[in-house]
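> The following file, target03.pdb, comprises PDB, C-alpha atoms, pLDDT in the B column:
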```
ATOM      1  CA  MET A   1     157.241 127.685 100.840  1.00 67.00           C
ATOM      2  CA  ALA A   2     159.208 130.627 101.888  1.00 83.00           C
ATOM      3  CA  THR A   3     158.831 133.795  99.906  1.00 92.00           C
ATOM      4  CA  ALA A   4     161.765 136.067  99.225  1.00 94.00           C
ATOM      5  CA  LEU A   5     161.743 139.802  98.595  1.00 95.00           C
ATOM      6  CA  ILE A   6     164.773 141.134  96.788  1.00 96.00           C
ATOM      7  CA  HIS A   7     165.597 144.669  95.857  1.00 95.00           C
ATOM      8  CA  VAL A   8     168.206 145.302  93.184  1.00 95.00           C
ATOM      9  CA  PRO A   9     168.191 148.439  91.011  1.00 94.00           C
ATOM     10  CA  ALA A  10     166.934 147.526  87.523  1.00 93.00           C
ATOM     11  CA  SER A  11     169.730 149.462  85.892  1.00 93.00           C
ATOM     12  CA  ALA A  12     172.950 151.115  86.990  1.00 94.00           C
ATOM     13  CA  LYS A  13     175.933 152.961  85.604  1.00 94.00           C
ATOM     14  CA  ARG A  14     179.153 150.994  85.199  1.00 94.00           C
ATOM     15  CA  GLY A  15     181.307 151.327  88.292  1.00 93.00           C
ATOM     16  CA  GLU A  16     178.472 152.593  90.457  1.00 94.00           C
ATOM     17  CA  ILE A  17     178.106 151.167  93.969  1.00 95.00           C
ATOM     18  CA  ILE A  18     174.625 149.705  94.315  1.00 96.00           C
ATOM     19  CA  GLN A  19     172.826 148.458  97.380  1.00 96.00           C
ATOM     20  CA  ILE A  20     171.121 145.073  97.396  1.00 96.00           C
ATOM     21  CA  LYS A  21     168.469 144.132  99.926  1.00 97.00           C
ATOM     22  CA  ALA A  22     167.198 140.603 100.473  1.00 97.00           C
ATOM     23  CA  LEU A  23     164.473 139.433 102.823  1.00 96.00           C
ATOM     24  CA  ILE A  24     163.089 135.910 103.184  1.00 96.00           C
ATOM     25  CA  SER A  25     160.198 134.615 105.244  1.00 96.00           C
ATOM     26  CA  HIS A  26     161.445 132.089 107.784  1.00 95.00           C
ATOM     27  CA  VAL A  27     160.683 131.444 111.479  1.00 93.00           C
ATOM     28  CA  MET A  28     164.354 131.129 112.517  1.00 94.00           C
ATOM     29  CA  GLU A  29     163.326 128.947 115.474  1.00 93.00           C
ATOM     30  CA  PRO A  30     166.384 129.268 117.727  1.00 91.00           C
ATOM     31  CA  GLY A  31     166.124 125.846 119.410  1.00 90.00           C
ATOM     32  CA  TYR A  32     166.239 127.296 122.922  1.00 89.00           C
ATOM     33  CA  ARG A  33     162.520 127.867 123.419  1.00 90.00           C
ATOM     34  CA  ARG A  34     160.189 125.466 125.179  1.00 89.00           C
ATOM     35  CA  THR A  35     156.505 124.712 124.800  1.00 89.00           C
ATOM     36  CA  SER A  36     154.122 125.314 127.706  1.00 88.00           C
ATOM     37  CA  LEU A  37     154.775 121.685 128.725  1.00 90.00           C
ATOM     38  CA  GLY A  38     158.519 122.082 128.809  1.00 87.00           C
ATOM     39  CA  ALA A  39     159.492 120.283 125.615  1.00 91.00           C
ATOM     40  CA  VAL A  40     162.279 121.944 123.628  1.00 90.00           C
ATOM     41  CA  ILE A  41     161.130 123.278 120.261  1.00 92.00           C
ATOM     42  CA  PRO A  42     163.721 121.890 117.817  1.00 93.00           C
ATOM     43  CA  ARG A  43     166.005 124.321 116.048  1.00 93.00           C
ATOM     44  CA  ASP A  44     164.971 125.357 112.548  1.00 95.00           C
ATOM     45  CA  ILE A  45     167.126 128.161 111.204  1.00 95.00           C
ATOM     46  CA  LEU A  46     168.687 129.291 107.971  1.00 96.00           C
ATOM     47  CA  ARG A  47     172.428 128.875 108.198  1.00 96.00           C
ATOM     48  CA  ARG A  48     173.761 130.360 105.001  1.00 96.00           C
ATOM     49  CA  PHE A  49     172.948 133.075 102.497  1.00 97.00           C
ATOM     50  CA  VAL A  50     175.020 133.513  99.365  1.00 97.00           C
ATOM     51  CA  CYS A  51     174.776 136.144  96.643  1.00 96.00           C
ATOM     52  CA  THR A  52     176.633 135.704  93.372  1.00 96.00           C
ATOM     53  CA  TYR A  53     176.971 138.201  90.521  1.00 95.00           C
ATOM     54  CA  ASN A  54     177.477 136.541  87.126  1.00 94.00           C
ATOM     55  CA  GLY A  55     178.655 133.430  88.923  1.00 93.00           C
ATOM     56  CA  GLU A  56     181.130 135.156  91.227  1.00 93.00           C
ATOM     57  CA  GLU A  57     180.406 135.267  94.948  1.00 95.00           C
ATOM     58  CA  ILE A  58     180.048 138.849  96.178  1.00 95.00           C
ATOM     59  CA  PHE A  59     178.470 138.344  99.596  1.00 96.00           C
ATOM     60  CA  ARG A  60     178.011 135.433 101.983  1.00 96.00           C
ATOM     61  CA  ALA A  61     176.429 135.402 105.422  1.00 96.00           C
ATOM     62  CA  GLU A  62     176.577 132.654 108.011  1.00 96.00           C
ATOM     63  CA  MET A  63     173.612 132.815 110.339  1.00 96.00           C
ATOM     64  CA  TYR A  64     173.144 131.711 113.933  1.00 94.00           C
ATOM     65  CA  PRO A  65     169.966 131.595 116.056  1.00 94.00           C
ATOM     66  CA  ALA A  66     170.552 135.251 116.983  1.00 94.00           C
ATOM     67  CA  ILE A  67     169.432 136.366 113.534  1.00 95.00           C
ATOM     68  CA  ALA A  68     165.854 137.631 113.779  1.00 95.00           C
ATOM     69  CA  ALA A  69     162.958 135.810 112.111  1.00 94.00           C
ATOM     70  CA  ASN A  70     162.593 136.608 108.394  1.00 95.00           C
ATOM     71  CA  PRO A  71     166.315 137.204 107.833  1.00 96.00           C
ATOM     72  CA  TYR A  72     167.142 140.500 106.143  1.00 97.00           C
ATOM     73  CA  PHE A  73     170.445 141.571 104.672  1.00 97.00           C
ATOM     74  CA  ALA A  74     171.488 144.745 102.954  1.00 97.00           C
ATOM     75  CA  PHE A  75     174.908 144.955 101.331  1.00 96.00           C
ATOM     76  CA  ASN A  76     176.694 146.676  98.462  1.00 96.00           C
ATOM     77  CA  THR A  77     178.431 145.789  95.262  1.00 96.00           C
ATOM     78  CA  ILE A  78     179.984 147.526  92.295  1.00 95.00           C
ATOM     79  CA  ALA A  79     177.872 147.278  89.147  1.00 94.00           C
ATOM     80  CA  SER A  80     180.422 145.960  86.655  1.00 92.00           C
ATOM     81  CA  ASP A  81     178.466 144.203  83.904  1.00 92.00           C
ATOM     82  CA  SER A  82     174.905 143.445  82.888  1.00 94.00           C
ATOM     83  CA  GLY A  83     173.900 140.056  84.136  1.00 94.00           C
ATOM     84  CA  THR A  84     172.186 138.230  86.926  1.00 95.00           C
ATOM     85  CA  PHE A  85     172.374 138.103  90.660  1.00 96.00           C
ATOM     86  CA  GLU A  86     171.701 134.725  92.167  1.00 96.00           C
ATOM     87  CA  PHE A  87     170.560 134.466  95.769  1.00 97.00           C
ATOM     88  CA  THR A  88     170.578 131.195  97.698  1.00 97.00           C
ATOM     89  CA  TRP A  89     169.455 130.497 101.212  1.00 97.00           C
ATOM     90  CA  SER A  90     170.072 127.144 102.880  1.00 96.00           C
ATOM     91  CA  GLY A  91     169.435 125.847 106.356  1.00 95.00           C
ATOM     92  CA  ASP A  92     168.106 123.219 108.727  1.00 94.00           C
ATOM     93  CA  ASN A  93     165.733 120.447 107.601  1.00 94.00           C
ATOM     94  CA  GLY A  94     167.093 120.605 104.067  1.00 93.00           C
ATOM     95  CA  PHE A  95     165.858 124.140 103.455  1.00 94.00           C
ATOM     96  CA  SER A  96     166.958 125.593 100.152  1.00 94.00           C
ATOM     97  CA  LYS A  97     165.710 128.554  98.175  1.00 95.00           C
ATOM     98  CA  ARG A  98     167.124 130.123  95.042  1.00 95.00           C
ATOM     99  CA  GLU A  99     166.173 133.389  93.338  1.00 95.00           C
ATOM    100  CA  THR A 100     167.657 135.298  90.436  1.00 96.00           C
ATOM    101  CA  VAL A 101     167.400 138.975  89.537  1.00 96.00           C
ATOM    102  CA  ALA A 102     168.696 140.618  86.378  1.00 95.00           C
ATOM    103  CA  ILE A 103     170.487 143.950  86.184  1.00 95.00           C
ATOM    104  CA  LYS A 104     171.292 146.172  83.195  1.00 95.00           C
ATOM    105  CA  VAL A 105     174.571 148.053  83.408  1.00 94.00           C
ATOM    106  CA  GLU A 106     175.302 150.876  80.998  1.00 89.00           C
TER     107      GLU A 106
ATOM    108  CA  MET B   1     144.287 124.922 132.095  1.00 50.00           C
ATOM    109  CA  LYS B   2     143.516 121.921 134.283  1.00 57.00           C
ATOM    110  CA  ARG B   3     144.983 121.748 137.753  1.00 57.00           C
ATOM    111  CA  ARG B   4     147.203 118.766 136.861  1.00 57.00           C
ATOM    112  CA  GLU B   5     148.503 120.477 133.778  1.00 57.00           C
ATOM    113  CA  PHE B   6     149.281 123.580 135.800  1.00 52.00           C
ATOM    114  CA  LEU B   7     151.307 121.542 138.286  1.00 48.00           C
ATOM    115  CA  VAL B   8     153.308 119.923 135.501  1.00 50.00           C
ATOM    116  CA  VAL B   9     154.040 123.300 133.959  1.00 50.00           C
ATOM    117  CA  SER B  10     155.016 125.043 137.175  1.00 51.00           C
ATOM    118  CA  GLY B  11     157.150 122.075 138.256  1.00 49.00           C
ATOM    119  CA  LEU B  12     158.990 122.040 134.954  1.00 47.00           C
ATOM    120  CA  GLY B  13     159.408 125.769 135.118  1.00 47.00           C
ATOM    121  CA  THR B  14     161.309 125.470 138.388  1.00 47.00           C
ATOM    122  CA  ALA B  15     163.315 122.474 137.200  1.00 45.00           C
ATOM    123  CA  PHE B  16     164.413 124.169 134.007  1.00 44.00           C
ATOM    124  CA  GLY B  17     164.899 127.570 135.555  1.00 43.00           C
ATOM    125  CA  PHE B  18     168.477 126.695 136.421  1.00 41.00           C
ATOM    126  CA  ALA B  19     169.126 124.816 133.199  1.00 43.00           C
ATOM    127  CA  SER B  20     168.166 127.786 131.066  1.00 45.00           C
ATOM    128  CA  ARG B  21     170.313 130.125 133.125  1.00 45.00           C
ATOM    129  CA  ALA B  22     173.264 127.839 132.467  1.00 44.00           C
ATOM    130  CA  ALA B  23     172.436 127.801 128.760  1.00 62.00           C
ATOM    131  CA  ARG B  24     173.145 131.516 128.534  1.00 73.00           C
ATOM    132  CA  ALA B  25     176.504 132.565 127.099  1.00 75.00           C
ATOM    133  CA  THR B  26     178.849 134.497 129.341  1.00 80.00           C
ATOM    134  CA  PRO B  27     181.315 137.278 128.492  1.00 84.00           C
ATOM    135  CA  ALA B  28     184.048 134.627 128.929  1.00 84.00           C
ATOM    136  CA  GLU B  29     182.484 132.452 126.245  1.00 87.00           C
ATOM    137  CA  GLU B  30     182.279 135.457 123.969  1.00 87.00           C
ATOM    138  CA  LYS B  31     185.978 136.141 124.541  1.00 86.00           C
ATOM    139  CA  GLU B  32     186.780 132.510 123.774  1.00 87.00           C
ATOM    140  CA  ALA B  33     184.733 132.632 120.554  1.00 88.00           C
ATOM    141  CA  ILE B  34     186.603 135.771 119.477  1.00 90.00           C
ATOM    142  CA  LEU B  35     189.963 134.199 120.353  1.00 87.00           C
ATOM    143  CA  ARG B  36     189.127 131.155 118.240  1.00 86.00           C
ATOM    144  CA  LEU B  37     188.572 133.488 115.301  1.00 88.00           C
ATOM    145  CA  THR B  38     191.559 135.774 115.704  1.00 86.00           C
ATOM    146  CA  GLY B  39     194.087 133.313 117.102  1.00 84.00           C
ATOM    147  CA  ALA B  40     197.293 135.017 118.201  1.00 81.00           C
ATOM    148  CA  ALA B  41     196.650 138.128 116.118  1.00 83.00           C
ATOM    149  CA  MET B  42     196.139 141.448 117.882  1.00 87.00           C
ATOM    150  CA  VAL B  43     192.661 142.939 117.671  1.00 91.00           C
ATOM    151  CA  LYS B  44     192.885 146.694 117.299  1.00 90.00           C
ATOM    152  CA  GLN B  45     190.100 149.051 118.294  1.00 93.00           C
ATOM    153  CA  GLY B  46     188.633 151.260 115.603  1.00 89.00           C
ATOM    154  CA  ARG B  47     187.652 151.388 111.932  1.00 92.00           C
ATOM    155  CA  VAL B  48     184.485 149.401 112.726  1.00 95.00           C
ATOM    156  CA  THR B  49     181.247 151.275 113.482  1.00 96.00           C
ATOM    157  CA  LEU B  50     178.082 149.604 114.710  1.00 96.00           C
ATOM    158  CA  ASP B  51     174.771 151.320 114.228  1.00 96.00           C
ATOM    159  CA  LEU B  52     172.493 149.832 116.859  1.00 96.00           C
ATOM    160  CA  PRO B  53     169.546 151.507 118.631  1.00 95.00           C
ATOM    161  CA  PRO B  54     170.636 152.436 122.192  1.00 94.00           C
ATOM    162  CA  LEU B  55     167.187 151.555 123.535  1.00 94.00           C
ATOM    163  CA  VAL B  56     165.362 148.534 122.177  1.00 93.00           C
ATOM    164  CA  GLU B  57     161.712 147.866 122.941  1.00 91.00           C
ATOM    165  CA  ASN B  58     161.604 144.429 121.359  1.00 91.00           C
ATOM    166  CA  GLY B  59     164.724 142.270 121.394  1.00 92.00           C
ATOM    167  CA  ASN B  60     163.250 139.907 118.808  1.00 93.00           C
ATOM    168  CA  SER B  61     164.209 142.153 115.928  1.00 93.00           C
ATOM    169  CA  VAL B  62     166.905 144.762 116.375  1.00 95.00           C
ATOM    170  CA  PRO B  63     168.283 146.546 113.298  1.00 96.00           C
ATOM    171  CA  LEU B  64     172.070 146.428 113.117  1.00 96.00           C
ATOM    172  CA  THR B  65     174.350 148.068 110.574  1.00 97.00           C
ATOM    173  CA  VAL B  66     178.089 147.436 110.593  1.00 97.00           C
ATOM    174  CA  SER B  67     180.312 149.755 108.592  1.00 96.00           C
ATOM    175  CA  VAL B  68     184.038 149.402 108.209  1.00 95.00           C
ATOM    176  CA  ASP B  69     186.374 152.189 107.198  1.00 94.00           C
ATOM    177  CA  SER B  70     188.194 150.579 104.263  1.00 92.00           C
ATOM    178  CA  PRO B  71     189.047 151.657 100.704  1.00 92.00           C
ATOM    179  CA  MET B  72     187.774 148.236  99.461  1.00 93.00           C
ATOM    180  CA  THR B  73     190.443 147.835  96.786  1.00 92.00           C
ATOM    181  CA  ALA B  74     191.987 144.544  95.668  1.00 92.00           C
ATOM    182  CA  ALA B  75     195.021 145.300  97.836  1.00 91.00           C
ATOM    183  CA  ASP B  76     193.187 146.528 100.925  1.00 93.00           C
ATOM    184  CA  HIS B  77     189.693 145.311 101.640  1.00 94.00           C
ATOM    185  CA  VAL B  78     187.482 143.729 104.260  1.00 95.00           C
ATOM    186  CA  LYS B  79     187.421 139.934 104.083  1.00 95.00           C
ATOM    187  CA  ALA B  80     184.888 139.231 106.786  1.00 95.00           C
ATOM    188  CA  ILE B  81     182.863 140.798 109.577  1.00 96.00           C
ATOM    189  CA  HIS B  82     181.975 138.644 112.585  1.00 96.00           C
ATOM    190  CA  VAL B  83     179.340 139.743 115.087  1.00 96.00           C
ATOM    191  CA  PHE B  84     179.318 138.544 118.703  1.00 95.00           C
ATOM    192  CA  VAL B  85     177.168 139.123 121.784  1.00 94.00           C
ATOM    193  CA  GLU B  86     177.750 138.284 125.436  1.00 92.00           C
ATOM    194  CA  LYS B  87     174.345 137.424 126.874  1.00 90.00           C
ATOM    195  CA  ASN B  88     172.431 135.478 124.212  1.00 91.00           C
ATOM    196  CA  PRO B  89     172.342 131.652 124.551  1.00 91.00           C
ATOM    197  CA  GLN B  90     175.382 131.542 122.290  1.00 91.00           C
ATOM    198  CA  PRO B  91     177.977 134.205 121.470  1.00 93.00           C
ATOM    199  CA  PHE B  92     177.695 133.956 117.671  1.00 94.00           C
ATOM    200  CA  VAL B  93     175.314 136.218 115.767  1.00 95.00           C
ATOM    201  CA  ALA B  94     176.510 136.200 112.178  1.00 96.00           C
ATOM    202  CA  ALA B  95     179.536 136.234 109.913  1.00 96.00           C
ATOM    203  CA  PHE B  96     179.564 138.260 106.700  1.00 96.00           C
ATOM    204  CA  HIS B  97     182.076 137.533 103.962  1.00 96.00           C
ATOM    205  CA  LEU B  98     182.831 140.374 101.581  1.00 94.00           C
ATOM    206  CA  GLY B  99     185.426 141.126  98.966  1.00 91.00           C
ATOM    207  CA  PRO B 100     186.825 144.030  96.956  1.00 91.00           C
ATOM    208  CA  ARG B 101     183.744 143.822  94.709  1.00 92.00           C
ATOM    209  CA  ALA B 102     181.567 145.092  97.558  1.00 93.00           C
ATOM    210  CA  GLY B 103     182.719 148.655  96.906  1.00 92.00           C
ATOM    211  CA  ARG B 104     181.597 149.743 100.324  1.00 94.00           C
ATOM    212  CA  ALA B 105     181.968 147.689 103.513  1.00 95.00           C
ATOM    213  CA  VAL B 106     178.522 148.264 104.973  1.00 96.00           C
ATOM    214  CA  VAL B 107     176.191 145.424 105.959  1.00 97.00           C
ATOM    215  CA  SER B 108     172.746 145.638 107.593  1.00 97.00           C
ATOM    216  CA  THR B 109     170.651 142.924 109.177  1.00 97.00           C
ATOM    217  CA  ARG B 110     168.249 142.342 112.073  1.00 96.00           C
ATOM    218  CA  ILE B 111     169.317 140.463 115.170  1.00 95.00           C
ATOM    219  CA  ARG B 112     167.890 139.077 118.413  1.00 94.00           C
ATOM    220  CA  LEU B 113     169.010 140.371 121.783  1.00 94.00           C
ATOM    221  CA  ALA B 114     168.111 138.297 124.849  1.00 92.00           C
ATOM    222  CA  ASP B 115     169.263 140.938 127.315  1.00 91.00           C
ATOM    223  CA  THR B 116     170.733 144.401 127.720  1.00 93.00           C
ATOM    224  CA  GLN B 117     174.239 143.943 126.382  1.00 93.00           C
ATOM    225  CA  THR B 118     177.151 144.971 124.199  1.00 94.00           C
ATOM    226  CA  VAL B 119     177.343 143.853 120.584  1.00 95.00           C
ATOM    227  CA  VAL B 120     180.868 143.430 119.221  1.00 95.00           C
ATOM    228  CA  ALA B 121     181.908 143.287 115.580  1.00 95.00           C
ATOM    229  CA  ILE B 122     185.340 141.946 114.617  1.00 95.00           C
ATOM    230  CA  CYS B 123     186.532 142.753 111.148  1.00 95.00           C
ATOM    231  CA  GLU B 124     189.114 140.698 109.277  1.00 94.00           C
ATOM    232  CA  MET B 125     191.094 142.700 106.717  1.00 94.00           C
ATOM    233  CA  SER B 126     192.819 141.379 103.605  1.00 93.00           C
ATOM    234  CA  ASP B 127     196.236 142.016 105.199  1.00 92.00           C
ATOM    235  CA  GLY B 128     195.342 139.671 108.076  1.00 91.00           C
ATOM    236  CA  SER B 129     194.772 142.372 110.692  1.00 92.00           C
ATOM    237  CA  PHE B 130     191.708 142.446 112.927  1.00 94.00           C
ATOM    238  CA  TRP B 131     189.756 145.507 113.969  1.00 95.00           C
ATOM    239  CA  SER B 132     186.867 145.725 116.365  1.00 94.00           C
ATOM    240  CA  GLY B 133     184.021 148.011 117.294  1.00 95.00           C
ATOM    241  CA  SER B 134     181.125 147.713 119.693  1.00 95.00           C
ATOM    242  CA  ALA B 135     177.791 149.220 120.649  1.00 95.00           C
ATOM    243  CA  ASP B 136     175.574 148.956 123.727  1.00 95.00           C
ATOM    244  CA  SER B 137     171.868 148.410 123.728  1.00 94.00           C
ATOM    245  CA  VAL B 138     169.333 148.484 126.537  1.00 95.00           C
ATOM    246  CA  VAL B 139     166.626 145.882 125.900  1.00 93.00           C
ATOM    247  CA  THR B 140     163.190 146.255 127.519  1.00 90.00           C
ATOM    248  CA  LEU B 141     161.546 143.139 126.093  1.00 87.00           C
ATOM    249  CA  ALA B 142     164.049 140.329 125.623  1.00 85.00           C
ATOM    250  CA  ALA B 143     163.997 138.043 122.599  1.00 80.00           C
ATOM    251  CA  CYS B 144     162.089 134.932 123.641  1.00 71.00           C
ATOM    252  CA  THR B 145     164.775 132.320 123.847  1.00 59.00           C
ATOM    253  CA  GLU B 146     163.539 130.464 126.881  1.00 55.00           C
ATOM    254  CA  SER B 147     159.785 129.931 126.694  1.00 52.00           C
ATOM    255  CA  GLU B 148     156.881 130.437 124.400  1.00 48.00           C
TER     256      GLU B 148
END
```
Produce structure tokens that represent the structure in this file.

Amino acid sequence: MATALIHVPASAKRGEIIQIKALISHVMEPGYRRTSLGAVIPRDILRRFVCTYNGEEIFRAEMYPAIAANPYFAFNTIASDSGTFEFTWSGDNGFSKRETVAIKVE
Amino acid sequence: MKRREFLVVSGLGTAFGFASRAARATPAEEKEAILRLTGAAMVKQGRVTLDLPPLVENGNSVPLTVSVDSPMTAADHVKAIHVFVEKNPQPFVAAFHLGPRAGRAVVSTRIRLADTQTVVAICEMSDGSFWSGSADSVVTLAACTESE
């Protein structure tokens, strides 16, 4: 199972812009490579990454084979309320992974 | 490797040599992909900055940061950032959807580059306008898209 590494500040001031970093282990097989015998290696990529903050979507990425293995994203958001960030990755072969991280906003 | 196996491999290599060349996107395909996104709207140069290393040793993982000059308010913010390349097997790299809650329109990721080429980012603003920026990168070791 894929492991995800997420970095969200544990606490922030209200209205502060915080950076969120998310990394997940995945081969991101592009589907263009061949084995030594010429057979195409089937595509196996993540296609979508969504981050919600207290249920509201704040960032979404659509991925193509040109995203490097172990997809990494860094993006920003305004810390508005204490609550949870939910991260979901989905992709080929029914891949789905969900993680949550809590934040305290003062 | 046995002799027979070697023959199979080398034969296939020649046969697919042409096929894989054809499977590579062209600048025309990139233009078409961008047109499909923007439609009839004008794409203006500026406001979008790409931070991409000018010289890449390994095309399998190239750090890319796209920043857009925008106040990110409810009235004026970045809706989406689309990234395109001209010489990978397909022109699409990624699409990022943001909103006024982002605070700052800066997104980082890592991409694959199959050749020395220009990376283009098209930014869609909340008022419907499109802005673009680009960066060149020289790739010494291409991302392995064609063989293992």
> I'd like the neighbourhood of stretch 79-95 of chain A as an mmCIF file with C-alpha atoms, in the coordinates of the input, where a residue qualifies if any of its atoms comes within 9 Å (using only C-alpha atoms), though same-chain residues fewer than 4 positions away should be ignored.

```cif
data_model
loop_
_atom_site.group_PDB
_atom_site.id
_atom_site.type_symbol
_atom_site.label_atom_id
_atom_site.label_comp_id
_atom_site.auth_asym_id
_atom_site.auth_seq_id
_atom_site.Cartn_x
_atom_site.Cartn_y
_atom_site.Cartn_z
ATOM 1 C CA ILE A 6 164.773 141.134 96.788
ATOM 2 C CA VAL A 8 168.206 145.302 93.184
ATOM 3 C CA SER A 11 169.730 149.462 85.892
ATOM 4 C CA ALA A 12 172.950 151.115 86.990
ATOM 5 C CA LYS A 13 175.933 152.961 85.604
ATOM 6 C CA ARG A 14 179.153 150.994 85.199
ATOM 7 C CA GLY A 15 181.307 151.327 88.292
ATOM 8 C CA GLU A 16 178.472 152.593 90.457
ATOM 9 C CA ILE A 17 178.106 151.167 93.969
ATOM 10 C CA ILE A 18 174.625 149.705 94.315
ATOM 11 C CA ALA A 22 167.198 140.603 100.473
ATOM 12 C CA ILE A 24 163.089 135.910 103.184
ATOM 13 C CA ARG A 43 166.005 124.321 116.048
ATOM 14 C CA ASP A 44 164.971 125.357 112.548
ATOM 15 C CA ILE A 45 167.126 128.161 111.204
ATOM 16 C CA LEU A 46 168.687 129.291 107.971
ATOM 17 C CA ARG A 47 172.428 128.875 108.198
ATOM 18 C CA ARG A 48 173.761 130.360 105.001
ATOM 19 C CA PHE A 49 172.948 133.075 102.497
ATOM 20 C CA VAL A 50 175.020 133.513 99.365
ATOM 21 C CA CYS A 51 174.776 136.144 96.643
ATOM 22 C CA THR A 52 176.633 135.704 93.372
ATOM 23 C CA TYR A 53 176.971 138.201 90.521
ATOM 24 C CA ASN A 54 177.477 136.541 87.126
ATOM 25 C CA GLY A 55 178.655 133.430 88.923
ATOM 26 C CA GLU A 99 166.173 133.389 93.338
ATOM 27 C CA THR A 100 167.657 135.298 90.436
ATOM 28 C CA VAL A 101 167.400 138.975 89.537
ATOM 29 C CA ALA A 102 168.696 140.618 86.378
ATOM 30 C CA ILE A 103 170.487 143.950 86.184
ATOM 31 C CA LYS A 104 171.292 146.172 83.195
ATOM 32 C CA VAL A 105 174.571 148.053 83.408
ATOM 33 C CA GLU A 106 175.302 150.876 80.998
ATOM 34 C CA ARG B 101 183.744 143.822 94.709
#
```
> What does the distance between atom CA of B:Ala75 and atom CA of A:Phe75 come to in Å, to one decimal place?
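Interatomic distance, atom CA of B:Ala75 to atom CA of A:Phe75: 20.4 Å.
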> Please measure the separation of atom CA of B:Cys123 and atom CA of A:Leu23, giving the value in Å to one decimal.
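For atom CA of B:Cys123 relative to atom CA of A:Leu23, the distance reads 23.8 Å.
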> Rounded to one decimal, what separation in Å do you get between atom CA of B:Ala105 and atom CA of B:Thr26?
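Atom CA of B:Thr26 lies 29.2 Å from atom CA of B:Ala105.
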> With distances taken over all atoms listed in the file, which of A:Lys97, A:Tyr32, A:Ile20, A:Ala2 is nearest to B:Ser108?
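When distances to B:Ser108 are compared using all atoms listed in the file, the smallest one comes from A:Ile20.
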